[in-house]
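J.: Input file: model-v1.cif. Contents: mmCIF, C-alpha atoms.
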```cif
data_entry
loop_
_atom_site.group_PDB
_atom_site.id
_atom_site.type_symbol
_atom_site.label_atom_id
_atom_site.label_comp_id
_atom_site.auth_asym_id
_atom_site.auth_seq_id
_atom_site.Cartn_x
_atom_site.Cartn_y
_atom_site.Cartn_z
ATOM 1 C CA MET A 23 0.130 -20.240 3.212
ATOM 2 C CA ALA A 24 3.769 -21.165 2.810
ATOM 3 C CA SER A 25 2.745 -24.684 1.802
ATOM 4 C CA GLY A 26 0.181 -23.493 -0.772
ATOM 5 C CA ASN A 27 -3.018 -23.125 1.248
ATOM 6 C CA LYS A 28 -5.593 -20.358 0.897
ATOM 7 C CA ILE A 29 -5.575 -17.447 3.325
ATOM 8 C CA PHE A 30 -8.738 -18.409 5.211
ATOM 9 C CA GLY A 31 -8.695 -19.084 8.943
ATOM 10 C CA ALA A 32 -10.923 -19.397 11.983
ATOM 11 C CA ALA A 33 -10.769 -19.188 15.767
ATOM 12 C CA ILE A 34 -13.028 -20.354 18.559
ATOM 13 C CA LEU A 35 -13.150 -18.163 21.668
ATOM 14 C CA ARG A 36 -14.892 -18.487 25.010
ATOM 15 C CA LYS A 37 -17.810 -16.059 25.249
ATOM 16 C CA SER A 38 -17.125 -15.420 28.930
ATOM 17 C CA ASP A 39 -13.657 -13.892 28.591
ATOM 18 C CA LEU A 40 -12.816 -14.034 24.847
ATOM 19 C CA SER A 41 -9.907 -16.384 25.559
ATOM 20 C CA LEU A 42 -8.715 -18.521 22.698
ATOM 21 C CA VAL A 43 -9.837 -22.143 22.589
ATOM 22 C CA VAL A 44 -8.391 -23.011 19.150
ATOM 23 C CA ALA A 45 -7.278 -21.232 15.995
ATOM 24 C CA GLU A 46 -6.500 -22.814 12.664
ATOM 25 C CA SER A 47 -5.947 -21.885 9.062
ATOM 26 C CA ASN A 48 -6.823 -23.473 5.762
ATOM 27 C CA ASN A 49 -4.982 -26.752 5.223
ATOM 28 C CA GLU A 50 -6.453 -27.844 1.914
ATOM 29 C CA THR A 51 -3.108 -29.141 0.641
ATOM 30 C CA GLU A 52 -3.553 -31.972 3.167
ATOM 31 C CA ASN A 53 -7.292 -32.365 2.527
ATOM 32 C CA PRO A 54 -9.496 -30.106 0.377
ATOM 33 C CA LEU A 55 -12.129 -30.172 3.140
ATOM 34 C CA TRP A 56 -9.799 -28.495 5.642
ATOM 35 C CA HIS A 57 -11.040 -24.977 5.078
ATOM 36 C CA GLY A 58 -10.028 -22.664 7.921
ATOM 37 C CA GLU A 59 -13.362 -23.208 9.679
ATOM 38 C CA MET A 60 -13.331 -26.967 9.151
ATOM 39 C CA HIS A 61 -9.755 -27.253 10.382
ATOM 40 C CA ALA A 62 -10.643 -25.204 13.477
ATOM 41 C CA LEU A 63 -13.636 -27.460 14.163
ATOM 42 C CA LYS A 64 -11.423 -30.532 13.723
ATOM 43 C CA ALA A 65 -8.935 -29.127 16.267
ATOM 44 C CA PHE A 66 -11.792 -28.167 18.602
ATOM 45 C CA TYR A 67 -13.190 -31.702 18.632
ATOM 46 C CA GLU A 68 -9.712 -33.168 19.080
ATOM 47 C CA LEU A 69 -9.511 -31.406 22.457
ATOM 48 C CA PRO A 70 -10.190 -33.717 25.396
ATOM 49 C CA ARG A 71 -13.881 -33.549 26.224
ATOM 50 C CA ALA A 72 -13.146 -32.201 29.731
ATOM 51 C CA ALA A 73 -11.108 -29.321 28.261
ATOM 52 C CA ARG A 74 -13.545 -28.496 25.460
ATOM 53 C CA PRO A 75 -16.192 -25.877 26.280
ATOM 54 C CA ALA A 76 -19.751 -26.316 25.045
ATOM 55 C CA THR A 77 -20.291 -24.716 21.649
ATOM 56 C CA ARG A 78 -23.092 -22.548 23.111
ATOM 57 C CA ASP A 79 -20.395 -21.010 25.352
ATOM 58 C CA CYS A 80 -18.158 -20.075 22.420
ATOM 59 C CA LEU A 81 -17.832 -17.497 19.658
ATOM 60 C CA PHE A 82 -16.884 -18.727 16.217
ATOM 61 C CA LEU A 83 -14.715 -16.268 14.268
ATOM 62 C CA ALA A 84 -13.840 -16.669 10.598
ATOM 63 C CA THR A 85 -11.568 -14.505 8.517
ATOM 64 C CA HIS A 86 -13.918 -14.930 5.545
ATOM 65 C CA GLU A 87 -17.650 -15.512 5.348
ATOM 66 C CA PRO A 88 -18.122 -19.279 5.621
ATOM 67 C CA CYS A 89 -18.887 -21.256 2.479
ATOM 68 C CA SER A 90 -21.771 -23.727 2.309
ATOM 69 C CA LEU A 91 -19.561 -26.575 3.592
ATOM 70 C CA CYS A 92 -18.462 -24.534 6.590
ATOM 71 C CA LEU A 93 -21.961 -23.150 7.252
ATOM 72 C CA SER A 94 -23.183 -26.736 7.474
ATOM 73 C CA ALA A 95 -20.317 -27.749 9.753
ATOM 74 C CA ILE A 96 -20.967 -24.803 12.077
ATOM 75 C CA THR A 97 -24.614 -25.904 12.181
ATOM 76 C CA TRP A 98 -23.883 -29.592 12.790
ATOM 77 C CA THR A 99 -21.426 -28.805 15.588
ATOM 78 C CA GLY A 100 -23.961 -26.718 17.497
ATOM 79 C CA PHE A 101 -22.500 -23.227 17.416
ATOM 80 C CA ASP A 102 -25.186 -20.562 17.797
ATOM 81 C CA ASN A 103 -23.110 -17.878 16.094
ATOM 82 C CA PHE A 104 -20.319 -16.994 13.740
ATOM 83 C CA TYR A 105 -18.577 -13.724 12.931
ATOM 84 C CA HIS A 106 -16.645 -13.011 9.747
ATOM 85 C CA LEU A 107 -14.386 -10.224 8.542
ATOM 86 C CA PHE A 108 -14.363 -10.558 4.753
ATOM 87 C CA SER A 109 -17.562 -11.271 2.789
ATOM 88 C CA HIS A 110 -18.158 -13.777 -0.002
ATOM 89 C CA GLU A 111 -17.937 -10.828 -2.403
ATOM 90 C CA ASP A 112 -14.561 -9.866 -0.892
ATOM 91 C CA SER A 113 -13.368 -13.449 -1.401
ATOM 92 C CA ARG A 114 -14.384 -13.221 -5.058
ATOM 93 C CA ASP A 115 -13.342 -9.651 -5.815
ATOM 94 C CA ALA A 116 -10.372 -8.857 -3.572
ATOM 95 C CA PHE A 117 -8.921 -12.349 -3.197
ATOM 96 C CA ASP A 118 -9.828 -13.900 -6.584
ATOM 97 C CA ILE A 119 -11.509 -16.894 -4.916
ATOM 98 C CA PRO A 120 -15.035 -16.982 -6.372
ATOM 99 C CA HIS A 121 -15.982 -20.542 -5.407
ATOM 100 C CA ASP A 122 -18.252 -19.718 -2.452
ATOM 101 C CA LEU A 123 -20.596 -17.585 -4.536
ATOM 102 C CA ARG A 124 -20.448 -19.967 -7.482
ATOM 103 C CA ILE A 125 -21.370 -22.952 -5.301
ATOM 104 C CA LEU A 126 -24.195 -21.071 -3.590
ATOM 105 C CA LYS A 127 -25.535 -20.083 -7.034
ATOM 106 C CA GLU A 128 -25.001 -23.365 -8.900
ATOM 107 C CA VAL A 129 -25.873 -25.865 -6.176
ATOM 108 C CA PHE A 130 -28.417 -23.985 -4.071
ATOM 109 C CA ARG A 131 -29.668 -21.376 -6.580
ATOM 110 C CA LEU A 132 -28.928 -18.589 -4.101
ATOM 111 C CA GLU A 133 -27.933 -15.099 -5.116
ATOM 112 C CA PRO A 134 -25.061 -13.463 -3.201
ATOM 113 C CA GLY A 135 -26.123 -13.055 0.402
ATOM 114 C CA GLY A 136 -29.127 -15.310 -0.171
ATOM 115 C CA TYR A 137 -28.736 -17.590 2.817
ATOM 116 C CA ALA A 138 -30.499 -16.880 6.123
ATOM 117 C CA ARG A 139 -27.975 -15.139 8.355
ATOM 118 C CA GLU A 140 -30.361 -15.545 11.251
ATOM 119 C CA ASN A 141 -32.097 -18.893 11.591
ATOM 120 C CA ALA A 142 -33.106 -21.547 14.147
ATOM 121 C CA TYR A 143 -29.486 -22.748 14.445
ATOM 122 C CA TRP A 144 -27.266 -19.669 14.499
ATOM 123 C CA THR A 145 -26.857 -16.011 13.714
ATOM 124 C CA GLY A 146 -24.075 -14.922 11.382
ATOM 125 C CA TYR A 147 -22.519 -11.503 11.859
ATOM 126 C CA SER A 148 -20.451 -9.382 9.513
ATOM 127 C CA LEU A 149 -17.795 -7.514 11.472
ATOM 128 C CA ALA A 150 -18.009 -4.710 8.893
ATOM 129 C CA ALA A 151 -21.735 -4.284 9.612
ATOM 130 C CA LEU A 152 -21.138 -4.319 13.372
ATOM 131 C CA ILE A 153 -18.387 -1.714 13.003
ATOM 132 C CA ALA A 154 -20.685 0.496 10.917
ATOM 133 C CA ASP A 155 -23.021 0.659 13.931
ATOM 134 C CA CYS A 156 -20.293 1.933 16.298
ATOM 135 C CA GLY A 157 -19.805 5.522 17.385
ATOM 136 C CA ALA A 158 -17.563 7.687 15.181
ATOM 137 C CA ALA A 159 -14.358 7.472 17.272
ATOM 138 C CA GLU A 160 -14.663 3.751 17.902
ATOM 139 C CA ARG A 161 -15.618 3.134 14.260
ATOM 140 C CA ALA A 162 -12.559 5.063 13.020
ATOM 141 C CA ALA A 163 -10.235 2.943 15.176
ATOM 142 C CA PHE A 164 -11.847 -0.285 13.975
ATOM 143 C CA GLU A 165 -11.778 0.847 10.349
ATOM 144 C CA ALA A 166 -8.057 1.647 10.621
ATOM 145 C CA ARG A 167 -7.423 -1.845 12.002
ATOM 146 C CA ILE A 168 -9.525 -3.420 9.242
ATOM 147 C CA ALA A 169 -7.616 -1.419 6.615
ATOM 148 C CA ALA A 170 -4.312 -2.755 7.974
ATOM 149 C CA LEU A 171 -5.648 -6.311 8.031
ATOM 150 C CA THR A 172 -6.998 -5.917 4.503
ATOM 151 C CA GLU A 173 -3.588 -4.774 3.300
ATOM 152 C CA SER A 174 -1.900 -7.769 4.959
ATOM 153 C CA TYR A 175 -4.439 -10.167 3.485
ATOM 154 C CA ALA A 176 -4.031 -8.608 0.032
ATOM 155 C CA GLU A 177 -0.308 -9.381 0.144
ATOM 156 C CA LEU A 178 -0.952 -12.936 1.360
ATOM 157 C CA SER A 179 -3.532 -13.384 -1.387
ATOM 158 C CA ARG A 180 -1.093 -12.155 -4.004
ATOM 159 C CA ARG A 181 1.437 -14.765 -2.849
ATOM 160 C CA TYR A 182 -1.198 -17.509 -2.875
ATOM 161 C CA GLN A 183 -2.375 -16.593 -6.380
ATOM 162 C CA GLU A 184 1.217 -16.698 -7.663
ATOM 163 C CA ARG A 185 1.749 -20.231 -6.301
ATOM 164 C CA LYS A 186 -1.670 -21.892 -6.490
ATOM 165 C CA ALA A 187 -0.935 -23.663 -9.764
ATOM 166 C CA GLU A 188 1.853 -25.591 -7.989
ATOM 167 C CA GLY A 189 -0.615 -27.284 -5.636
ATOM 168 C CA ASP A 190 -3.011 -30.158 -6.005
ATOM 169 C CA ILE A 191 -6.151 -28.313 -4.923
ATOM 170 C CA PRO A 192 -9.375 -29.174 -6.783
ATOM 171 C CA LEU A 193 -10.864 -25.641 -6.638
ATOM 172 C CA SER A 194 -7.820 -23.410 -6.585
#
```
With the file now loaded, output its structure as structure tokens.

T.:
Amino acid sequence: MASGNKIFGAAILRKSDLSLVVAESNNETENPLWHGEMHALKAFYELPRAARPATRDCLFLATHEPCSLCLSAITWTGFDNFYHLFSHEDSRDAFDIPHDLRILKEVFRLEPGGYARENAYWTGYSLAALIADCGAAERAAFEARIAALTESYAELSRRYQERKAEGDIPLS
């Protein structure tokens, strides 16, 4: 963020113990393709093969619902899942980054939410939807944590929006 990148990030965890394999953030000031998910996948495949777990043994976490580029990359790299915190609508409405929905609409003619979240390659999960299915006490704790994260991300987004014109990002 300090160098002008968007607030998106991703992490890859082992399913067996939820230990971190890699975590990265958006680095589009270096390359506009280095969305948080793409940058995490790049780091994942830069790990020595012997140290890199199979994608089927990993969870893919994204701060924001993956765009069409990142959905394709998750597919091509063999992950059978992804989880996201903020939706495409959140990216547009709360973070003033409408590109994901615009691209899905203009290029693929898909309405918001129009892609198949469960398909032959992977299942995509909204953390908000999973939290909604929790018991009341557990849900309240998760919702409090999400509220704190949302507040932090709102401040980071505000800083990004103030500085985005300074960068050389095609879709800023």

J.: Using only C-alpha atoms, can you tell me which of A:Phe130, A:Phe117, A:Leu35, A:Phe104 comes closest to A:Ser174?

T.: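 Of A:Phe130, A:Phe117, A:Leu35, A:Phe104, the one nearest A:Ser174 is A:Phe117, counting only C-alpha atoms.
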
J.: Between A:His110, A:Lys37, A:Asp115, A:Ala154, which residue has the minimum interatomic distance to A:Pro75, considering all atoms listed in the file?

T.: A:Lys37

J.: Which is closer to A:Leu107 than all the others in A:Leu63, A:Ala32, A:Ala176, A:Val43, using only C-alpha atoms?

T.: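 For A:Leu107, the nearest of the given residues is A:Ala32.
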
J.: Find the residues around A:Leu91 up to 9 Å (only C-alpha atoms counted), leave out those fewer than 3 positions away in its own chain, and share them as an NGL selection string.

T.: :A and (55 or 57 or 60 or 88 or 94-96)

J.: Nearest to A:Asp118 among A:Ala166, A:Ile153, A:Ala33, A:Leu178, with distances taken over all atoms listed in the file: which residue is it?

T.: A:Leu178

J.: Output requested as a short mmCIF file (atom, residue, chain, number, x, y, z; two decimals), in the coordinates of the input - stretch 158-191 of chain A, filled out with N, CA and C atoms.

T.:
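The new file result.cif reads:
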```
data_model
loop_
_atom_site.label_atom_id
_atom_site.label_comp_id
_atom_site.auth_asym_id
_atom_site.auth_seq_id
_atom_site.Cartn_x
_atom_site.Cartn_y
_atom_site.Cartn_z
N ALA A 158 -18.56 7.20 16.15
CA ALA A 158 -17.56 7.69 15.18
C ALA A 158 -16.13 7.39 15.60
N ALA A 159 -15.75 7.68 16.84
CA ALA A 159 -14.36 7.47 17.27
C ALA A 159 -14.01 5.98 17.28
N GLU A 160 -14.90 5.19 17.84
CA GLU A 160 -14.66 3.75 17.90
C GLU A 160 -14.64 3.16 16.49
N ARG A 161 -15.55 3.61 15.64
CA ARG A 161 -15.62 3.13 14.26
C ARG A 161 -14.32 3.47 13.52
N ALA A 162 -13.80 4.66 13.70
CA ALA A 162 -12.56 5.06 13.02
C ALA A 162 -11.40 4.16 13.43
N ALA A 163 -11.31 3.83 14.70
CA ALA A 163 -10.24 2.94 15.18
C ALA A 163 -10.38 1.55 14.57
N PHE A 164 -11.61 1.03 14.56
CA PHE A 164 -11.85 -0.28 13.98
C PHE A 164 -11.56 -0.27 12.47
N GLU A 165 -12.00 0.76 11.80
CA GLU A 165 -11.78 0.85 10.35
C GLU A 165 -10.29 0.92 10.01
N ALA A 166 -9.51 1.60 10.84
CA ALA A 166 -8.06 1.65 10.62
C ALA A 166 -7.46 0.25 10.79
N ARG A 167 -7.92 -0.48 11.77
CA ARG A 167 -7.42 -1.84 12.00
C ARG A 167 -7.82 -2.75 10.84
N ILE A 168 -9.05 -2.62 10.37
CA ILE A 168 -9.52 -3.42 9.24
C ILE A 168 -8.72 -3.08 7.98
N ALA A 169 -8.41 -1.82 7.78
CA ALA A 169 -7.62 -1.42 6.62
C ALA A 169 -6.24 -2.07 6.66
N ALA A 170 -5.62 -2.11 7.83
CA ALA A 170 -4.31 -2.76 7.97
C ALA A 170 -4.41 -4.26 7.72
N LEU A 171 -5.44 -4.88 8.27
CA LEU A 171 -5.65 -6.31 8.03
C LEU A 171 -5.90 -6.59 6.55
N THR A 172 -6.69 -5.74 5.92
CA THR A 172 -7.00 -5.92 4.50
C THR A 172 -5.73 -5.84 3.67
N GLU A 173 -4.86 -4.91 4.01
CA GLU A 173 -3.59 -4.77 3.30
C GLU A 173 -2.73 -6.03 3.48
N SER A 174 -2.66 -6.54 4.70
CA SER A 174 -1.90 -7.77 4.96
C SER A 174 -2.48 -8.94 4.18
N TYR A 175 -3.80 -9.07 4.20
CA TYR A 175 -4.44 -10.17 3.48
C TYR A 175 -4.26 -10.02 1.97
N ALA A 176 -4.25 -8.81 1.47
CA ALA A 176 -4.03 -8.61 0.03
C ALA A 176 -2.65 -9.13 -0.38
N GLU A 177 -1.66 -8.89 0.44
CA GLU A 177 -0.31 -9.38 0.14
C GLU A 177 -0.27 -10.91 0.23
N LEU A 178 -0.89 -11.47 1.25
CA LEU A 178 -0.95 -12.94 1.36
C LEU A 178 -1.70 -13.55 0.18
N SER A 179 -2.77 -12.90 -0.24
CA SER A 179 -3.53 -13.38 -1.39
C SER A 179 -2.70 -13.33 -2.66
N ARG A 180 -1.96 -12.27 -2.82
CA ARG A 180 -1.09 -12.16 -4.00
C ARG A 180 -0.11 -13.32 -4.05
N ARG A 181 0.49 -13.64 -2.91
CA ARG A 181 1.44 -14.76 -2.85
C ARG A 181 0.75 -16.09 -3.16
N TYR A 182 -0.45 -16.28 -2.60
CA TYR A 182 -1.20 -17.51 -2.88
C TYR A 182 -1.50 -17.64 -4.36
N GLN A 183 -2.00 -16.56 -4.98
CA GLN A 183 -2.38 -16.59 -6.38
C GLN A 183 -1.17 -16.92 -7.27
N GLU A 184 0.01 -16.42 -6.89
CA GLU A 184 1.22 -16.70 -7.66
C GLU A 184 1.59 -18.17 -7.62
N ARG A 185 1.28 -18.85 -6.51
CA ARG A 185 1.75 -20.23 -6.30
C ARG A 185 0.65 -21.29 -6.41
N LYS A 186 -0.59 -20.90 -6.57
CA LYS A 186 -1.67 -21.89 -6.49
C LYS A 186 -1.59 -22.98 -7.56
N ALA A 187 -1.04 -22.67 -8.70
CA ALA A 187 -0.94 -23.66 -9.76
C ALA A 187 0.01 -24.80 -9.38
N GLU A 188 0.90 -24.57 -8.43
CA GLU A 188 1.85 -25.59 -7.99
C GLU A 188 1.19 -26.66 -7.14
N GLY A 189 0.04 -26.36 -6.56
CA GLY A 189 -0.62 -27.28 -5.64
C GLY A 189 -1.55 -28.25 -6.33
N ASP A 190 -2.07 -29.17 -5.53
CA ASP A 190 -3.01 -30.16 -6.00
C ASP A 190 -4.35 -29.92 -5.32
N ILE A 191 -4.93 -28.75 -5.57
CA ILE A 191 -6.15 -28.31 -4.92
C ILE A 191 -7.25 -28.31 -5.98
#
```
